[in-house]
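As stored in upload29.cif (mmCIF, C-alpha atoms and all ligand atoms):
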data_start
#
loop_
_atom_site.label_atom_id
_atom_site.label_comp_id
_atom_site.auth_asym_id
_atom_site.auth_seq_id
_atom_site.Cartn_x
_atom_site.Cartn_y
_atom_site.Cartn_z
CA MET A 1 18.30 56.60 -67.10
CA THR A 2 21.40 55.55 -65.18
CA GLU A 3 21.19 57.28 -61.83
CA ILE A 4 22.13 54.99 -58.94
CA GLY A 5 22.71 56.19 -55.43
CA GLY A 6 20.76 57.95 -52.70
CA ASP A 7 19.01 55.80 -50.12
CA ASN A 8 19.14 52.66 -52.28
CA ALA A 9 22.93 52.75 -52.68
CA GLY A 10 23.65 50.12 -49.96
CA PHE A 11 21.00 47.75 -51.29
CA VAL A 12 22.22 48.18 -54.86
CA GLU A 13 25.72 47.31 -53.67
CA CYS A 14 24.32 44.21 -51.94
CA TRP A 15 22.61 43.07 -55.17
CA ASN A 16 25.74 43.65 -57.22
CA GLU A 17 28.36 42.27 -54.83
CA ILE A 18 26.68 39.64 -52.68
CA LEU A 19 23.58 38.35 -54.39
CA THR A 20 24.65 38.18 -58.04
CA PRO A 21 26.71 34.94 -57.85
CA LYS A 22 23.92 33.24 -55.88
CA TRP A 23 21.24 34.37 -58.32
CA LEU A 24 23.32 33.15 -61.24
CA ARG A 25 23.74 29.75 -59.57
CA PHE A 26 20.05 29.32 -58.68
CA ARG A 27 18.56 31.20 -61.59
CA HIS A 28 16.59 28.16 -62.80
CA LEU A 29 14.78 28.02 -59.43
CA LEU A 30 14.33 31.75 -58.79
CA SER A 31 13.22 32.70 -62.29
CA GLY A 32 11.42 29.39 -62.84
CA ASN A 33 9.32 29.90 -59.72
CA GLY A 34 8.65 33.51 -60.65
CA MET A 35 7.33 32.26 -63.96
CA ILE A 36 4.85 29.94 -62.23
CA HIS A 37 3.26 33.03 -60.66
CA SER A 38 3.59 35.43 -63.62
CA ASP A 39 2.11 32.91 -66.06
CA ILE A 40 -1.06 32.94 -63.92
CA ALA A 41 -1.03 36.72 -63.40
CA TYR A 42 -0.66 37.58 -67.10
CA THR A 43 -4.34 36.77 -67.63
CA ASP A 44 -5.32 39.58 -65.25
CA PHE A 45 -2.63 41.95 -66.51
CA ASP A 46 -4.08 41.88 -70.05
CA ILE A 47 -0.98 43.31 -71.76
CA ARG A 48 -1.88 44.06 -75.39
CA GLU A 49 -0.33 44.27 -78.81
CA GLY A 50 1.25 47.69 -79.32
CA ASP A 51 1.63 48.44 -75.59
CA LYS A 52 4.74 50.22 -74.34
CA VAL A 53 5.78 48.43 -71.15
CA LEU A 54 8.23 49.34 -68.39
CA ASP A 55 9.63 46.27 -66.54
CA ILE A 56 10.80 47.50 -63.12
CA GLY A 57 13.59 45.45 -61.50
CA CYS A 58 13.66 43.23 -64.61
CA GLY A 59 16.52 40.98 -63.43
CA PHE A 60 17.73 38.68 -66.22
CA GLY A 61 15.03 39.97 -68.54
CA GLU A 62 12.95 36.81 -68.85
CA THR A 63 9.69 38.68 -68.29
CA ALA A 64 10.75 41.49 -70.65
CA LEU A 65 11.20 38.91 -73.43
CA GLU A 66 7.83 37.29 -72.69
CA ILE A 67 6.10 40.67 -72.69
CA ALA A 68 7.90 41.62 -75.93
CA GLU A 69 6.04 38.77 -77.61
CA MET A 70 2.71 39.94 -76.20
CA VAL A 71 3.16 43.53 -77.42
CA GLY A 72 4.61 42.51 -80.80
CA PRO A 73 6.73 44.63 -83.13
CA SER A 74 4.47 47.68 -82.75
CA GLY A 75 5.02 47.63 -78.97
CA GLU A 76 8.10 48.15 -76.86
CA VAL A 77 9.57 46.95 -73.54
CA VAL A 78 12.08 48.85 -71.42
CA GLY A 79 13.62 46.91 -68.52
CA ILE A 80 15.36 48.70 -65.64
CA ASP A 81 17.53 46.99 -63.07
CA CYS A 82 20.23 48.14 -60.67
CA THR A 83 22.40 45.02 -61.00
CA ASP A 84 24.98 45.31 -63.80
CA ALA A 85 25.54 41.56 -64.12
CA PHE A 86 21.80 40.88 -64.56
CA VAL A 87 21.47 43.54 -67.25
CA GLU A 88 24.56 42.17 -69.00
CA VAL A 89 22.94 38.72 -69.19
CA ALA A 90 19.65 40.28 -70.27
CA ASN A 91 21.31 42.21 -73.12
CA GLN A 92 23.21 39.15 -74.29
CA GLU A 93 20.15 36.88 -74.30
CA ARG A 94 18.01 39.50 -76.07
CA ASN A 95 20.68 39.81 -78.78
CA GLU A 96 20.98 36.03 -79.13
CA ALA A 97 17.21 35.75 -79.47
CA GLY A 98 17.20 38.52 -82.11
CA VAL A 99 14.49 40.44 -80.23
CA ARG A 100 14.30 44.03 -81.42
CA ASN A 101 11.59 45.66 -79.30
CA VAL A 102 13.31 45.34 -75.87
CA ARG A 103 16.00 47.50 -74.35
CA TYR A 104 17.52 47.49 -70.87
CA GLU A 105 18.92 50.21 -68.65
CA VAL A 106 21.02 49.94 -65.50
CA GLY A 107 19.41 52.24 -62.96
CA ASP A 108 17.67 52.72 -59.63
CA ALA A 109 13.97 52.54 -60.43
CA GLN A 110 13.20 54.86 -57.54
CA VAL A 111 15.10 57.87 -58.86
CA CYS A 112 15.97 57.23 -62.51
CA ASP A 113 14.72 59.62 -65.18
CA LEU A 114 11.76 58.18 -67.05
CA PRO A 115 9.92 59.81 -69.95
CA GLU A 116 6.66 61.45 -68.87
CA ALA A 117 3.36 59.82 -69.88
CA TYR A 118 5.09 57.37 -72.22
CA PHE A 119 4.20 53.83 -71.08
CA ASP A 120 0.87 51.97 -71.19
CA VAL A 121 1.95 49.48 -68.52
CA ALA A 122 4.46 49.51 -65.65
CA TYR A 123 5.12 45.89 -64.72
CA SER A 124 7.13 44.39 -61.90
CA ARG A 125 7.50 40.77 -60.84
CA PHE A 126 9.10 40.62 -57.39
CA GLY A 127 10.86 44.01 -57.92
CA VAL A 128 9.31 46.91 -55.98
CA MET A 129 9.41 45.21 -52.55
CA PHE A 130 13.20 45.56 -52.54
CA PHE A 131 13.34 49.33 -52.94
CA GLN A 132 13.96 51.57 -49.94
CA SER A 133 10.79 53.43 -50.83
CA ALA A 134 8.40 51.44 -52.98
CA VAL A 135 6.11 54.48 -52.98
CA ARG A 136 8.81 56.61 -54.63
CA ALA A 137 9.42 53.93 -57.24
CA LEU A 138 5.68 53.59 -57.87
CA ARG A 139 5.36 57.37 -58.10
CA ASN A 140 8.20 57.40 -60.63
CA ALA A 141 6.35 54.73 -62.62
CA HIS A 142 3.09 56.70 -62.28
CA HIS A 143 4.79 59.75 -63.80
CA ALA A 144 5.99 57.58 -66.72
CA LEU A 145 2.52 56.12 -67.42
CA LYS A 146 0.06 57.62 -69.86
CA PRO A 147 -3.26 58.71 -68.33
CA GLY A 148 -5.32 55.51 -68.15
CA GLY A 149 -2.15 53.41 -68.01
CA LYS A 150 -1.76 50.73 -65.36
CA VAL A 151 0.76 49.27 -62.95
CA CYS A 152 0.86 45.45 -62.75
CA LEU A 153 2.65 43.94 -59.76
CA ILE A 154 3.44 40.48 -58.45
CA VAL A 155 4.54 40.55 -54.79
CA TRP A 156 5.04 37.86 -52.17
CA ARG A 157 2.37 37.38 -49.54
CA SER A 158 3.54 36.87 -45.94
CA LEU A 159 6.34 34.59 -44.81
CA ALA A 160 3.74 32.49 -42.99
CA ASP A 161 1.94 31.98 -46.32
CA ASN A 162 5.22 31.05 -48.01
CA PRO A 163 6.67 27.91 -46.45
CA CYS A 164 9.06 27.82 -49.45
CA TRP A 165 10.93 30.63 -47.63
CA GLY A 166 9.55 30.65 -44.08
CA ALA A 167 10.05 27.02 -43.05
CA ALA A 168 13.81 27.12 -43.68
CA LYS A 169 14.08 30.46 -41.87
CA GLU A 170 12.52 28.88 -38.77
CA VAL A 171 15.01 26.02 -38.93
CA VAL A 172 18.00 28.37 -39.27
CA LEU A 173 16.76 30.57 -36.40
CA ARG A 174 16.98 27.52 -34.12
CA HIS A 175 20.76 27.71 -34.67
CA LEU A 176 21.56 31.40 -35.27
CA PRO A 177 20.36 34.88 -34.21
CA PRO A 178 18.40 37.08 -36.64
CA PRO A 179 20.54 39.56 -38.63
CA GLY A 180 21.25 42.81 -36.78
CA ASP A 181 20.15 46.27 -37.92
CA GLN A 182 23.57 46.95 -39.46
CA GLY A 183 23.43 43.85 -41.67
CA SER A 184 23.96 44.01 -45.41
CA THR A 185 20.57 43.46 -47.02
CA CYS A 186 18.90 43.66 -50.41
CA GLY A 187 16.34 46.25 -49.20
CA PRO A 188 13.11 46.17 -47.17
CA GLY A 189 12.78 42.61 -48.43
CA PRO A 190 10.55 40.16 -50.21
CA PHE A 191 7.67 40.38 -47.72
CA SER A 192 7.47 44.16 -47.36
CA MET A 193 4.35 44.26 -49.57
CA ALA A 194 2.61 41.23 -48.10
CA GLY A 195 -0.23 43.26 -46.55
CA GLU A 196 -3.19 44.16 -48.75
CA GLU A 197 -4.07 47.28 -46.77
CA THR A 198 -0.48 48.56 -46.90
CA ASP A 199 -0.26 47.91 -50.64
CA ARG A 200 -3.50 49.76 -51.33
CA ALA A 201 -2.27 52.70 -49.23
CA MET A 202 1.10 52.69 -51.05
CA LEU A 203 -0.56 52.69 -54.45
CA GLU A 204 -2.83 55.52 -53.44
CA ALA A 205 0.13 57.52 -52.09
CA ALA A 206 1.88 56.99 -55.43
CA GLY A 207 -1.12 58.44 -57.26
CA PHE A 208 -2.97 55.31 -58.44
CA SER A 209 -6.64 56.07 -57.99
CA GLU A 210 -8.20 52.74 -58.80
CA VAL A 211 -7.11 49.24 -57.76
CA GLU A 212 -8.73 46.92 -60.31
CA VAL A 213 -7.28 43.55 -59.37
CA PHE A 214 -6.04 42.22 -56.03
CA LYS A 215 -5.78 38.49 -56.49
CA ARG A 216 -4.15 35.80 -54.41
CA ILE A 217 -2.12 33.18 -56.29
CA ASP A 218 -1.08 29.96 -54.52
CA ALA A 219 1.31 27.50 -56.13
CA ASP A 220 3.86 24.87 -55.20
CA VAL A 221 7.34 25.96 -56.32
CA CYS A 222 10.59 24.05 -56.77
CA VAL A 223 13.27 24.81 -54.16
CA GLY A 224 15.74 22.23 -55.47
CA ASP A 225 16.10 19.62 -58.18
CA ASP A 226 17.16 17.26 -55.38
CA LEU A 227 17.55 17.35 -51.61
CA GLU A 228 21.16 18.57 -51.57
CA GLN A 229 20.41 21.43 -53.96
CA ALA A 230 17.38 22.42 -51.87
CA ILE A 231 19.58 22.62 -48.76
CA ASP A 232 22.26 24.68 -50.59
CA TYR A 233 19.53 26.99 -51.91
CA GLN A 234 18.12 27.74 -48.47
CA ILE A 235 21.58 28.23 -46.98
CA LEU A 236 22.59 30.70 -49.67
CA VAL A 237 19.49 32.68 -50.69
CA GLY A 238 16.29 34.07 -49.18
CA PRO A 239 15.65 34.90 -45.51
CA SER A 240 17.47 31.78 -44.24
CA GLY A 241 20.49 32.54 -46.46
CA GLU A 242 20.61 36.09 -45.12
CA ILE A 243 20.76 34.82 -41.52
CA VAL A 244 23.61 32.41 -42.32
CA ARG A 245 25.53 35.07 -44.26
CA GLU A 246 25.13 37.77 -41.61
CA ALA A 247 26.19 35.36 -38.83
CA GLY A 248 29.65 35.19 -40.48
CA GLU A 249 31.99 32.60 -38.92
CA GLU A 250 29.39 31.44 -36.43
CA GLY A 251 27.08 30.72 -39.38
CA GLN A 252 29.74 28.56 -41.00
CA ARG A 253 30.42 26.70 -37.73
CA LYS A 254 26.74 25.89 -37.31
CA LEU A 255 26.28 24.63 -40.87
CA PRO A 256 26.44 20.87 -40.14
CA GLY A 257 23.51 21.10 -37.69
CA ILE A 258 21.58 23.45 -39.98
CA ARG A 259 22.07 21.12 -42.97
CA ARG A 260 20.90 18.14 -40.89
CA ASP A 261 17.70 19.93 -39.82
CA LEU A 262 17.05 21.31 -43.31
CA ARG A 263 17.46 17.81 -44.75
CA GLU A 264 14.77 16.57 -42.40
CA LEU A 265 12.45 19.48 -43.32
CA MET A 266 13.02 19.29 -47.08
CA GLY A 267 12.75 15.50 -47.08
CA SER A 268 9.04 15.77 -46.36
CA TYR A 269 8.57 17.89 -49.54
CA LEU A 270 10.65 15.66 -51.84
CA ARG A 271 8.91 14.45 -55.02
CA THR A 272 10.30 12.44 -57.93
CA ASP A 273 10.84 15.71 -59.88
CA GLY A 274 12.43 17.77 -57.07
CA VAL A 275 11.62 19.45 -53.76
CA PHE A 276 8.37 21.42 -54.02
CA MET A 277 6.96 23.71 -51.31
CA PRO A 278 3.88 25.97 -51.10
CA SER A 279 4.16 29.64 -52.08
CA SER A 280 1.73 32.54 -52.29
CA THR A 281 1.68 35.93 -54.03
CA TRP A 282 -0.59 38.89 -54.81
CA ALA A 283 -1.23 39.90 -58.40
CA ILE A 284 -2.20 43.58 -58.40
CA VAL A 285 -3.43 45.94 -61.13
CA ALA A 286 -3.93 49.66 -60.40
CA ARG A 287 -4.87 52.37 -62.85
CA LYS A 288 -3.59 55.91 -63.35
CA GLY A 289 -6.64 58.15 -63.56
C1 LIG B 301 13.69 39.39 -56.76
S1 LIG B 301 14.51 40.08 -58.13
C2 LIG B 301 13.27 39.95 -59.40
C3 LIG B 301 13.87 39.94 -60.77
C4 LIG B 301 12.84 39.73 -61.90
N1 LIG B 301 11.83 40.76 -61.94
C5 LIG B 301 12.21 38.38 -61.80
O1 LIG B 301 11.05 38.29 -61.42
O2 LIG B 301 12.90 37.39 -62.10
C6 LIG B 301 14.50 41.78 -57.74
C7 LIG B 301 15.25 42.59 -58.79
O3 LIG B 301 15.14 43.96 -58.44
C8 LIG B 301 16.37 44.57 -58.74
N2 LIG B 301 16.45 45.77 -57.92
C9 LIG B 301 16.61 45.86 -56.58
N3 LIG B 301 16.62 47.14 -56.19
C10 LIG B 301 16.47 47.89 -57.32
C11 LIG B 301 16.40 49.29 -57.57
N4 LIG B 301 16.51 50.17 -56.58
N5 LIG B 301 16.22 49.69 -58.85
C12 LIG B 301 16.13 48.80 -59.86
N6 LIG B 301 16.19 47.46 -59.68
C13 LIG B 301 16.36 47.02 -58.43
C14 LIG B 301 17.42 43.52 -58.42
O4 LIG B 301 18.64 43.75 -59.07
C15 LIG B 301 16.72 42.26 -58.91
O5 LIG B 301 17.03 42.00 -60.25
#
Please express what this file holds, its structure, as structure tokens.
Amino acid sequence: MTEIGGDNAGFVECWNEILTPKWLRFRHLLSGNGMIHSDIAYTDFDIREGDKVLDIGCGFGETALEIAEMVGPSGEVVGIDCTDAFVEVANQERNEAGVRNVRYEVGDAQVCDLPEAYFDVAYSRFGVMFFQSAVRALRNAHHALKPGGKVCLIVWRSLADNPCWGAAKEVVLRHLPPPGDQGSTCGPGPFSMAGEETDRAMLEAAGFSEVEVFKRIDADVCVGDDLEQAIDYQILVGPSGEIVREAGEEGQRKLPGIRRDLRELMGSYLRTDGVFMPSSTWAIVARKG
């Protein structure tokens, strides 16, 4: 299950080379905020004892470990991710926790070999939107699901519905141009599955006959434990971070003005426990007929 390459190769390189150190630094925010949404979505996903679950784009494996508890010793979780450093952390933490029903594979979820009709559930929190072709990845998952199995997805809604990402992007765009077409990116991007109609069409194209759940989840998420961390976060990750990175030296030159404007923006979201901004996702369940 280790094939990496093809049309995802550039994005996989971006995850491994550029994004890994940033994700490690801000893991508590990125994974913590993901958990706010997945904790709500789990109710609709109804993952059961004994289920075999595929976790697509599993990152550090937090969700794989949570799901392992839901499925119990008679169930099984297989996490796939293209980023070596994430899978290394995931393996280490699984071993430390003594969890026996989870294993991880480094691979490109779009093209990796998966056993046919093996899984009850294909799950992905914030994974599929980053693949060059989400439809191919979903089709690969469809092939790996038993008849009657289901895909359970959590994807970001639009940038406009996610001030936690969009507001900082607007600020940075006042100082810098958007990244060019040749920029190094992590794939189609977090908002590529924001549209309900598109998602339904993608699922259908991948073979999922029945969409059972399409639910909006709104929640305030933490973008920094304090104001300075919130500014660093927006400068280094997400759509605003991508603009700064791709602007190269000009991005670095403009940082003082960007930091000043971000401080003003983030200041209005500061609470005693950190900087919290609105976010919005879709929780989706679709069935293999
Ligand atoms: C936004 S992160 C989400 C991680 C995790 N699911 C979570 O919610 O914390 C997206 C993940 O997808 C992985 N990824 C991106 N492209 C991939 C691909 N083609 N195949 C497998 N994993 C991929 C990245 O390495 C990253 O861990």
_Give me the residues near Ile235 in chain A as a ChimeraX atom specification, where near means some atom within 7 Å (using all atoms listed in the file) and where sequence neighbours in that chain fewer than 5 positions away do not count._
/A:240-241,244
*With distances taken over only C-alpha atoms and all ligand atoms, which of A:Asp39, A:Asp161, A:Asp225, A:Glu264 is nearest to ligand LIG 301 (chain B)?*
A:Asp39
*Grab me every residue within 6 Å of ligand LIG 301 (chain B), counting only C-alpha atoms and all ligand atoms, and send it over as a VMD selection string.*
chain A and resid 8 12 15 31 34 57 to 59 80 to 83 107 to 110 124 to 127 130 to 131
*Find the residues around range 170-172 of chain A up to 12 Å (all atoms listed in the file counted), leave out those fewer than 3 positions away in its own chain, and share them as a PyMOL selection string.*
chain A and resi 159-160+162-167+175-179+231+234-236+238-245+247+251-252+254-266
_Counting all atoms listed in the file, which residues sit no farther than 7 Å from the position (5.7, 38.5, -47.2) in the file's frame? I'd like them as a ChimeraX atom specification._
/A:156-159,190-194
Please write as a compact mmCIF listing (two decimals) with C-alpha atoms, in the frame of the given file the list of polymer residues whose atoms come within 6 Å of (8.1, 21.4, -57.8), counting only C-alpha atoms and keeping to the coordinates of the file.
# COMPACT_ATOMS: atom_id res chain seq x y z
CA VAL A 221 7.34 25.96 -56.32
CA CYS A 222 10.59 24.05 -56.77
CA GLY A 274 12.43 17.77 -57.07
CA VAL A 275 11.62 19.45 -53.76
CA PHE A 276 8.37 21.42 -54.02
*In terms of the shortest atom-to-atom distance over all atoms listed in the file, which of A:Gly267, A:Ser209, A:Val102, A:Met129 is closest to Pro147 in chain A?*
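For Pro147 in chain A, the nearest of the given residues is A:Ser209.
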*Smallest atom-to-atom distance to Leu227 in chain A: which of A:Asp120, A:Glu96, A:Asp84, A:Asp273, using only C-alpha atoms?*
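Once distances to Leu227 in chain A are computed over only C-alpha atoms, the minimum belongs to A:Asp273.
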*How far is it from CA of Gly61 in chain A to CA of Pro73 in chain A, in Å with one decimal?*
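Computing it gives 17.4 Å between the two atoms.
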*asked:* Under the rule that only C-alpha atoms are counted, which of A:Phe119, A:Tyr42, A:Tyr233, A:Tyr104 is the nearest residue to Lys215 in chain A?
replied: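 Nearest to Lys215 in chain A: A:Tyr42.
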